[in-house]
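Data block below; observations after.
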Amino acid sequence: MRLSRALLTVPAAALILALPAVAYADESVQVQLQDLNETGATGTATLTATSGGDLKVMVRSKGMTPNSPHAQHVHGAANGMDFHCPDKSADANGNGYVSTEEGLKMYGDIFISLTTTGDTTKASGLAVDRMPKADAKGNLSYERTIPAADLPKGTVEHLKDLHLVQHGIDANKNGTYDMEALGESTFAKSVGVNGIPAEATDPATCGMVSGAAAGSVPAGGVATGDGSTSGGSPMMMYTVGGIALLGAAGAVVARRRLAVER
Amino acid sequence: MASSPPVRVSIPSLRATAAIVALGLQADGAMQVPDSAADVGWFTKAPTPGALGPAVLAGHVNWKGRRGTFFDLGKLSVGAGITVNRQDGSTAMFTVSKVEQYPKDHFPTDEVYGATDHAALRLITCGGQFDDTTQHYRDNVIVYARLAHAHAA
Ligand SMILES: [Cu+2]
């Protein structure tokens with residue numbers, strides 16, 4: 001009875017698709033932003049590759065220099081280079097701070113500039129007028145979807161090799177970026193911008209990809225069966241929300257019964 | 001491992017092996033399913049097997065009068081091996097960490113699709129009672145596994 005009715009049912013849900021030629025999936029990666037240069041700042045970021053090839057970026061950090069802009073970038077490369085977040089040992093000149101130039105050897109060049117509007121290329125790396133600002137409490141919140149056309153080649157394929165760096169520290173704790181603290185930014189100077197304090201460009205946080213999840217989550221369960229044969233998938237233990245309903249003894253009985261049915 | 005789509009899945013302890021087809025979402029937001037008892041589907045909106053994050057494969061317990069590749073999935077024991085061959089020629093070998101059965105209306109969405117800090121694999125099929133009214137099984141059987149070995153191409 002059950003068998004025949006199931007056989008008559010049209011499997012409307014079924015579909016066969018060709019495997020995608022592209023070597024990546026629609027997925028979301030998690031980045032834990034760790035404090036650099038003893039800023040005490042921390043945060044999380046999520047980079048989601050959408051099926052259209054766009055990249056949705058979400059950043060939440062705290063302990064940032066309040067009321068100040070924070071240049072932030074995706075660093076690294078899409079050529080398989082193995083970059084990492086730097087530790088104290090990257091402080092080559094021994095001034096006690098890992099500068100952007102010192103860090104670049106470890107975390108790679110600017111790959112994407114996480115500006116609030118407009119251009120997102122390396123050219124906007126120091127466009128502080130278009131960088132997110134921390135609020136009075138030092139919290140920074142950023143969200144932007146960067147269209148596929150604006151992403152460097154290989155971004156989505158190498159999402160898990162990239163990392164995120166937020167810049168801007170207040171070394172002398174006077175509430176602003178100033179020359180007195182650490183002098184002029186030689187990094188800014190090297191790209192042709194004079195008069196930028198090193199405090200504005202020194203990294204505050206850095207985070208590497210620490211986890212990944214599905215990019216889109218299906219609704220509910222999965223219709224992987226039409227009842228057209230008897231038996232199947234007997235369980236050792238029946239659980240609901242992780243709680244066992246049947247004890248081991250009950251499960252054995254249930255299994256035996258299923259085995260007999262077949 | 002770097003990302004690469006799966007082409008075949010094998011579960012030696014169940015003597016099960018199947019080619020992989022791609023699965024997306026249906027109009028109602030549910031996951032698509034393969035249109036054959038033999039094929040196993042890879043959900044393309046999640047990581048590829050072997051790469052960081054949860055890769056999701058779904059296969060039928062039965063379909064159109066035939067036993068599906070995942071007919072015995074619920075019998076899989078903790079520690080059992082699952083092998084996934086990938087498009088780039090590499091092989092990802094997983095070890096089962098747990099097998100659970102959930103009513104479909106209590107599907108553990110976060111646990112299956114949520115972030116993991118390792119390369120994870122989830123195998124999904126149907127289980128429990130078949131509901132004659134809805135023409136669906138009431139439950140899903142879910143196998144959770146993690147990457148144990150990676151073999152380069
Ligand atoms: Cu940067």
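We name chains A, B, ... following the order of the structure tokens; residues begin at 1 in each chain, and ligands are numbered from 1 as shown.
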
Just want the 9 Å neighbourhood of range 17-30 of chain B, counted on only C-alpha atoms, with same-chain residues fewer than 3 positions away dropped. Output as a ChimeraX atom specification. /A:13,15-20,216-223 /B:6-12,14,33-34,38-45,57-58,69

Would you mind exporting the chosen residues as a compact mmCIF listing (two decimals), in the first residue's frame, restricted to N, CA and C atoms?
```
# COMPACT_ATOMS: atom_id res chain seq x y z
N ALA A 13 10.66 17.39 -6.42
CA ALA A 13 11.81 18.02 -5.78
C ALA A 13 13.13 17.62 -6.44
N LEU A 15 16.19 16.95 -8.92
CA LEU A 15 16.86 17.73 -9.96
C LEU A 15 18.29 17.25 -10.08
N ILE A 16 18.76 17.18 -11.28
CA ILE A 16 20.18 16.87 -11.45
C ILE A 16 20.85 18.07 -12.10
N LEU A 17 21.93 18.48 -11.53
CA LEU A 17 22.69 19.59 -12.09
C LEU A 17 24.08 19.09 -12.42
N ALA A 18 24.68 19.71 -13.39
CA ALA A 18 26.08 19.39 -13.68
C ALA A 18 26.93 20.00 -12.58
N LEU A 19 28.03 19.36 -12.26
CA LEU A 19 28.94 19.94 -11.27
C LEU A 19 29.48 21.25 -11.82
N PRO A 20 29.58 22.26 -10.98
CA PRO A 20 30.07 23.54 -11.49
C PRO A 20 31.53 23.42 -11.93
N SER A 216 24.89 29.73 2.05
CA SER A 216 23.43 29.79 2.13
C SER A 216 22.97 28.55 2.88
N VAL A 217 21.97 28.73 3.74
CA VAL A 217 21.51 27.62 4.56
C VAL A 217 20.13 27.18 4.09
N PRO A 218 19.98 25.89 3.72
CA PRO A 218 18.67 25.41 3.27
C PRO A 218 17.65 25.44 4.41
N ALA A 219 16.37 25.58 4.05
CA ALA A 219 15.31 25.56 5.04
C ALA A 219 14.96 24.11 5.39
N GLY A 220 14.91 23.82 6.70
CA GLY A 220 14.41 22.53 7.18
C GLY A 220 15.27 21.34 6.81
N GLY A 221 14.62 20.17 6.79
CA GLY A 221 15.31 18.91 6.53
C GLY A 221 15.49 18.67 5.04
N VAL A 222 15.98 17.46 4.71
CA VAL A 222 16.28 17.12 3.32
C VAL A 222 15.42 15.92 2.91
N ALA A 223 14.77 16.01 1.73
CA ALA A 223 13.81 14.99 1.29
C ALA A 223 14.52 13.85 0.55
N PRO B 6 33.77 17.73 -5.16
CA PRO B 6 33.86 16.27 -5.06
C PRO B 6 33.33 15.61 -6.34
N VAL B 7 33.88 14.45 -6.70
CA VAL B 7 33.36 13.71 -7.85
C VAL B 7 32.83 12.33 -7.47
N ARG B 8 33.33 11.76 -6.35
CA ARG B 8 32.86 10.43 -5.93
C ARG B 8 33.01 10.30 -4.43
N VAL B 9 32.05 9.62 -3.81
CA VAL B 9 32.13 9.33 -2.37
C VAL B 9 32.07 7.82 -2.17
N SER B 10 32.88 7.30 -1.27
CA SER B 10 32.89 5.87 -0.98
C SER B 10 32.89 5.65 0.53
N ILE B 11 32.07 4.70 0.96
CA ILE B 11 32.03 4.32 2.37
C ILE B 11 32.32 2.82 2.42
N PRO B 12 33.59 2.44 2.59
CA PRO B 12 33.98 1.02 2.51
C PRO B 12 33.19 0.11 3.46
N LEU B 14 30.23 0.23 4.43
CA LEU B 14 28.85 -0.03 3.96
C LEU B 14 28.86 -0.58 2.54
N VAL B 33 17.48 17.50 -4.15
CA VAL B 33 17.95 16.12 -3.91
C VAL B 33 18.25 15.48 -5.26
N PRO B 34 19.11 14.46 -5.29
CA PRO B 34 19.42 13.81 -6.57
C PRO B 34 18.19 13.15 -7.16
N ALA B 38 20.99 6.11 -6.93
CA ALA B 38 22.42 5.83 -6.86
C ALA B 38 23.27 7.08 -6.58
N ASP B 39 22.91 8.20 -7.20
CA ASP B 39 23.74 9.41 -7.06
C ASP B 39 23.67 10.01 -5.66
N VAL B 40 24.77 10.62 -5.27
CA VAL B 40 24.82 11.40 -4.04
C VAL B 40 25.07 12.85 -4.46
N GLY B 41 24.40 13.78 -3.80
CA GLY B 41 24.53 15.18 -4.18
C GLY B 41 25.42 15.96 -3.24
N TRP B 42 26.17 16.91 -3.81
CA TRP B 42 26.97 17.84 -3.01
C TRP B 42 26.26 19.17 -3.01
N PHE B 43 26.00 19.72 -1.83
CA PHE B 43 25.36 21.03 -1.70
C PHE B 43 26.40 22.10 -2.03
N THR B 44 26.19 22.78 -3.18
CA THR B 44 27.23 23.69 -3.70
C THR B 44 27.33 25.01 -2.94
N LYS B 45 26.37 25.29 -2.07
CA LYS B 45 26.42 26.55 -1.31
C LYS B 45 27.08 26.37 0.05
N LEU B 57 26.87 16.37 1.91
CA LEU B 57 26.47 15.43 0.86
C LEU B 57 25.13 14.81 1.26
N ALA B 58 24.19 14.77 0.32
CA ALA B 58 22.88 14.17 0.60
C ALA B 58 22.60 13.05 -0.40
N THR B 69 21.99 4.78 -2.27
CA THR B 69 23.38 4.60 -1.84
C THR B 69 23.50 4.75 -0.32
```

Go through the chains and note each residue within 9 Å of ligand 1, using only C-alpha atoms and all ligand atoms, then give the set as a PyMOL selection string. chain A and resi 71-75+100+103-104+107-113+125-126+164-167+201-203+206

Selection from above, N, CA and C atoms, as a CSV table (one decimal), in the first residue's frame, can you write it?
```csv
chain,number,residue,atom,x,y,z
A,71,ALA,N,42.0,52.6,8.8
A,71,ALA,CA,42.2,52.0,7.5
A,71,ALA,C,42.1,50.5,7.7
A,72,GLN,N,41.4,49.8,6.9
A,72,GLN,CA,41.3,48.3,7.0
A,72,GLN,C,41.4,47.7,5.6
A,73,HIS,N,42.1,46.6,5.6
A,73,HIS,CA,42.4,45.9,4.3
A,73,HIS,C,42.3,44.4,4.4
A,74,VAL,N,42.0,43.8,3.3
A,74,VAL,CA,42.2,42.3,3.2
A,74,VAL,C,43.6,42.3,2.7
A,75,HIS,N,44.5,41.5,3.4
A,75,HIS,CA,45.9,41.4,3.0
A,75,HIS,C,46.1,40.0,2.5
A,100,THR,N,53.3,49.0,9.7
A,100,THR,CA,52.7,48.4,8.5
A,100,THR,C,53.7,47.8,7.5
A,103,GLY,N,55.0,44.7,9.0
A,103,GLY,CA,54.0,43.6,9.0
A,103,GLY,C,53.8,43.1,7.6
A,104,LEU,N,54.0,43.9,6.6
A,104,LEU,CA,53.7,43.5,5.2
A,104,LEU,C,54.4,42.2,4.8
A,107,TYR,N,52.1,39.6,6.5
A,107,TYR,CA,50.7,39.4,6.1
A,107,TYR,C,50.4,39.8,4.7
A,108,GLY,N,51.5,40.1,3.9
A,108,GLY,CA,51.3,40.3,2.5
A,108,GLY,C,50.8,41.7,2.2
A,109,ASP,N,50.8,42.0,0.9
A,109,ASP,CA,50.4,43.3,0.4
A,109,ASP,C,48.9,43.5,0.6
A,110,ILE,N,48.5,44.8,0.4
A,110,ILE,CA,47.0,45.1,0.5
A,110,ILE,C,46.4,44.4,-0.8
A,111,PHE,N,45.4,43.6,-0.5
A,111,PHE,CA,44.7,42.9,-1.6
A,111,PHE,C,43.4,43.6,-1.9
A,112,ILE,N,42.7,44.0,-0.9
A,112,ILE,CA,41.4,44.8,-1.0
A,112,ILE,C,41.4,45.8,0.0
A,113,SER,N,41.1,47.1,-0.3
A,113,SER,CA,40.9,48.1,0.7
A,113,SER,C,39.4,48.1,1.1
A,125,GLY,N,44.2,52.3,-0.2
A,125,GLY,CA,44.7,51.8,1.0
A,125,GLY,C,44.8,52.8,2.2
A,126,LEU,N,45.1,54.1,1.8
A,126,LEU,CA,45.2,55.1,2.9
A,126,LEU,C,44.1,56.2,2.7
A,164,LEU,N,42.7,39.7,7.4
A,164,LEU,CA,42.2,41.1,7.5
A,164,LEU,C,43.1,41.9,8.5
A,165,VAL,N,43.4,43.1,8.2
A,165,VAL,CA,44.2,43.9,9.1
A,165,VAL,C,43.5,45.3,9.2
A,166,GLN,N,43.3,45.7,10.5
A,166,GLN,CA,42.8,47.0,10.8
A,166,GLN,C,44.0,47.9,11.3
A,167,HIS,N,44.1,49.1,10.8
A,167,HIS,CA,45.2,50.0,11.2
A,167,HIS,C,44.7,51.1,12.1
A,201,THR,N,48.8,54.5,10.7
A,201,THR,CA,49.0,53.4,9.8
A,201,THR,C,49.4,52.1,10.5
A,202,ASP,N,49.9,52.2,11.7
A,202,ASP,CA,50.4,51.0,12.4
A,202,ASP,C,49.2,50.1,12.6
A,203,PRO,N,49.4,48.7,12.4
A,203,PRO,CA,48.2,47.8,12.6
A,203,PRO,C,47.7,47.7,14.0
A,206,CYS,N,44.8,42.1,13.6
A,206,CYS,CA,45.1,41.2,12.4
A,206,CYS,C,44.3,39.9,12.7
```

To one decimal place, how far is CA of Gly40 in chain A from CA of Pro86 in chain A in Å? 15.5 Å

Contacts of range 94-110 of chain B at 7 Å or less, counting only C-alpha atoms, minus same-chain residues fewer than 3 places along, as a PyMOL selection string? (chain A and resi 220-221+238-241) or (chain B and resi 74+78-83+113-114+138-149)

Among range 66-142 of chain B, which residues does DSSP mark as alpha helix (DSSP H) when it is run on the backbone? Keep the chain and numbering as in the structure and answer as an MDAnalysis selection string. chainID B and resid 109:113

Could you pull the residues within 7 Å of range 62-66 of chain B, counting only C-alpha atoms, minus those fewer than 3 positions along the same chain, as JSON, numbers by chain? {"A": [7, 225, 226, 227, 228, 229], "B": [36, 37, 71]}

Would you mind exporting the chosen residues as a tab-separated table (two decimals), in the first residue's frame, restricted to N, CA, C and O atoms?
```tsv
chain	number	residue	atom	x	y	z
A	7	LEU	N	5.30	5.12	-5.13
A	7	LEU	CA	5.80	4.99	-6.50
A	7	LEU	C	5.04	5.87	-7.47
A	7	LEU	O	5.57	6.32	-8.48
A	225	GLY	N	14.37	10.56	0.29
A	225	GLY	CA	13.73	9.26	0.31
A	225	GLY	C	12.28	9.41	-0.07
A	225	GLY	O	11.67	10.45	0.18
A	226	ASP	N	11.69	8.38	-0.71
A	226	ASP	CA	10.28	8.44	-1.08
A	226	ASP	C	9.50	7.24	-0.57
A	226	ASP	O	8.38	6.99	-0.99
A	227	GLY	N	10.11	6.49	0.34
A	227	GLY	CA	9.41	5.36	0.95
A	227	GLY	C	9.16	4.21	0.00
A	227	GLY	O	8.33	3.34	0.28
A	228	SER	N	9.87	4.18	-1.12
A	228	SER	CA	9.57	3.18	-2.15
A	228	SER	C	10.25	1.83	-1.92
A	228	SER	O	10.10	0.92	-2.73
A	229	THR	N	11.01	1.69	-0.83
A	229	THR	CA	11.47	0.37	-0.39
A	229	THR	C	11.25	0.32	1.12
A	229	THR	O	11.11	1.37	1.75
B	36	SER	N	18.17	10.28	-8.62
B	36	SER	CA	18.41	8.85	-8.79
B	36	SER	C	18.78	8.28	-7.43
B	36	SER	O	19.31	8.98	-6.57
B	37	ALA	N	18.46	7.01	-7.25
B	37	ALA	CA	18.77	6.35	-5.97
B	37	ALA	C	20.28	6.22	-5.79
B	37	ALA	O	20.80	6.27	-4.68
B	71	PHE	N	21.26	3.90	1.90
B	71	PHE	CA	20.25	3.05	2.55
B	71	PHE	C	20.67	2.66	3.97
B	71	PHE	O	19.87	2.67	4.89
```

Calculated over only C-alpha atoms, which of the candidates A:Leu36, A:Val156, A:Ala77, A:Ala204 has the smallest distance to chain B?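 Ranking A:Leu36, A:Val156, A:Ala77, A:Ala204 by distance to chain B, first place goes to A:Val156.
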
I need the residue nearest chain B from this list: A:Ala212, A:Ile196, A:Ala148, A:Leu114. Use only C-alpha atoms for the distance. A:Ala212

Pull the closest atom pair for each residue of range 74-154 of chain A that gets at most 7 Å from range 44-62 of chain A, along with the distance in Å to one decimal, counting only C-alpha atoms, ordering rows by chain and then ascending residue number, as a Markdown table.
```
| residue | atom | partner | partner_atom | distance |
| --- | --- | --- | --- | --- |
| A:Gly138 | CA | A:Lys62 | CA | 5.6 |
| A:Asn139 | CA | A:Lys62 | CA | 4.3 |
| A:Leu140 | CA | A:Ser61 | CA | 5.1 |
| A:Ser141 | CA | A:Arg60 | CA | 4.7 |
| A:Tyr142 | CA | A:Val59 | CA | 5.0 |
| A:Glu143 | CA | A:Met58 | CA | 4.5 |
| A:Arg144 | CA | A:Val57 | CA | 5.4 |
| A:Thr145 | CA | A:Lys56 | CA | 4.1 |
| A:Ile146 | CA | A:Leu55 | CA | 5.2 |
| A:Pro147 | CA | A:Asp54 | CA | 4.6 |
| A:Ala148 | CA | A:Asp54 | CA | 4.3 |
```

Please report as a Markdown table every residue of range 4-105 of chain B lying within 7 Å of range 120-135 of chain B, along with the nearest atom pair and their distance in Å (one decimal), using only C-alpha atoms.
```
| residue | atom | partner | partner_atom | distance |
| --- | --- | --- | --- | --- |
| B:Pro49 | CA | B:Leu121 | CA | 6.4 |
| B:Gly53 | CA | B:Ala120 | CA | 5.7 |
| B:Pro54 | CA | B:Ala120 | CA | 4.5 |
| B:Ala55 | CA | B:Leu121 | CA | 4.8 |
| B:Val56 | CA | B:Arg122 | CA | 4.8 |
| B:Leu57 | CA | B:Leu123 | CA | 4.9 |
| B:Ala58 | CA | B:Ile124 | CA | 4.6 |
| B:Gly59 | CA | B:Thr125 | CA | 5.5 |
| B:His60 | CA | B:Thr125 | CA | 5.6 |
| B:Val61 | CA | B:Cys126 | CA | 5.8 |
| B:Phe70 | CA | B:Thr125 | CA | 6.4 |
```

Save the residues we just selected, C-alpha atoms, as a short mmCIF file (atom, residue, chain, number, x, y, z; two decimals), in the first residue's frame?
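Printed below is result.cif as written:
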```cif
data_model
loop_
_atom_site.label_atom_id
_atom_site.label_comp_id
_atom_site.auth_asym_id
_atom_site.auth_seq_id
_atom_site.Cartn_x
_atom_site.Cartn_y
_atom_site.Cartn_z
CA PRO B 49 34.94 18.33 1.05
CA GLY B 53 34.28 24.21 6.90
CA PRO B 54 31.31 21.83 6.62
CA ALA B 55 30.86 20.04 3.28
CA VAL B 56 27.37 18.55 2.88
CA LEU B 57 26.47 15.43 0.86
CA ALA B 58 22.88 14.17 0.60
CA GLY B 59 21.73 10.81 -0.75
CA HIS B 60 18.49 8.85 -0.82
CA VAL B 61 17.61 6.03 1.53
CA PHE B 70 22.74 5.86 1.71
#
```

Pull the strand (DSSP E or B) assignments for chain B out of DSSP run on the backbone, and list those residues as a PyMOL selection string. chain B and resi 6-11+16-23+25+31+33+40-43+53-59+62-63+66-67+81-86+91-103+116+119-131+136-151
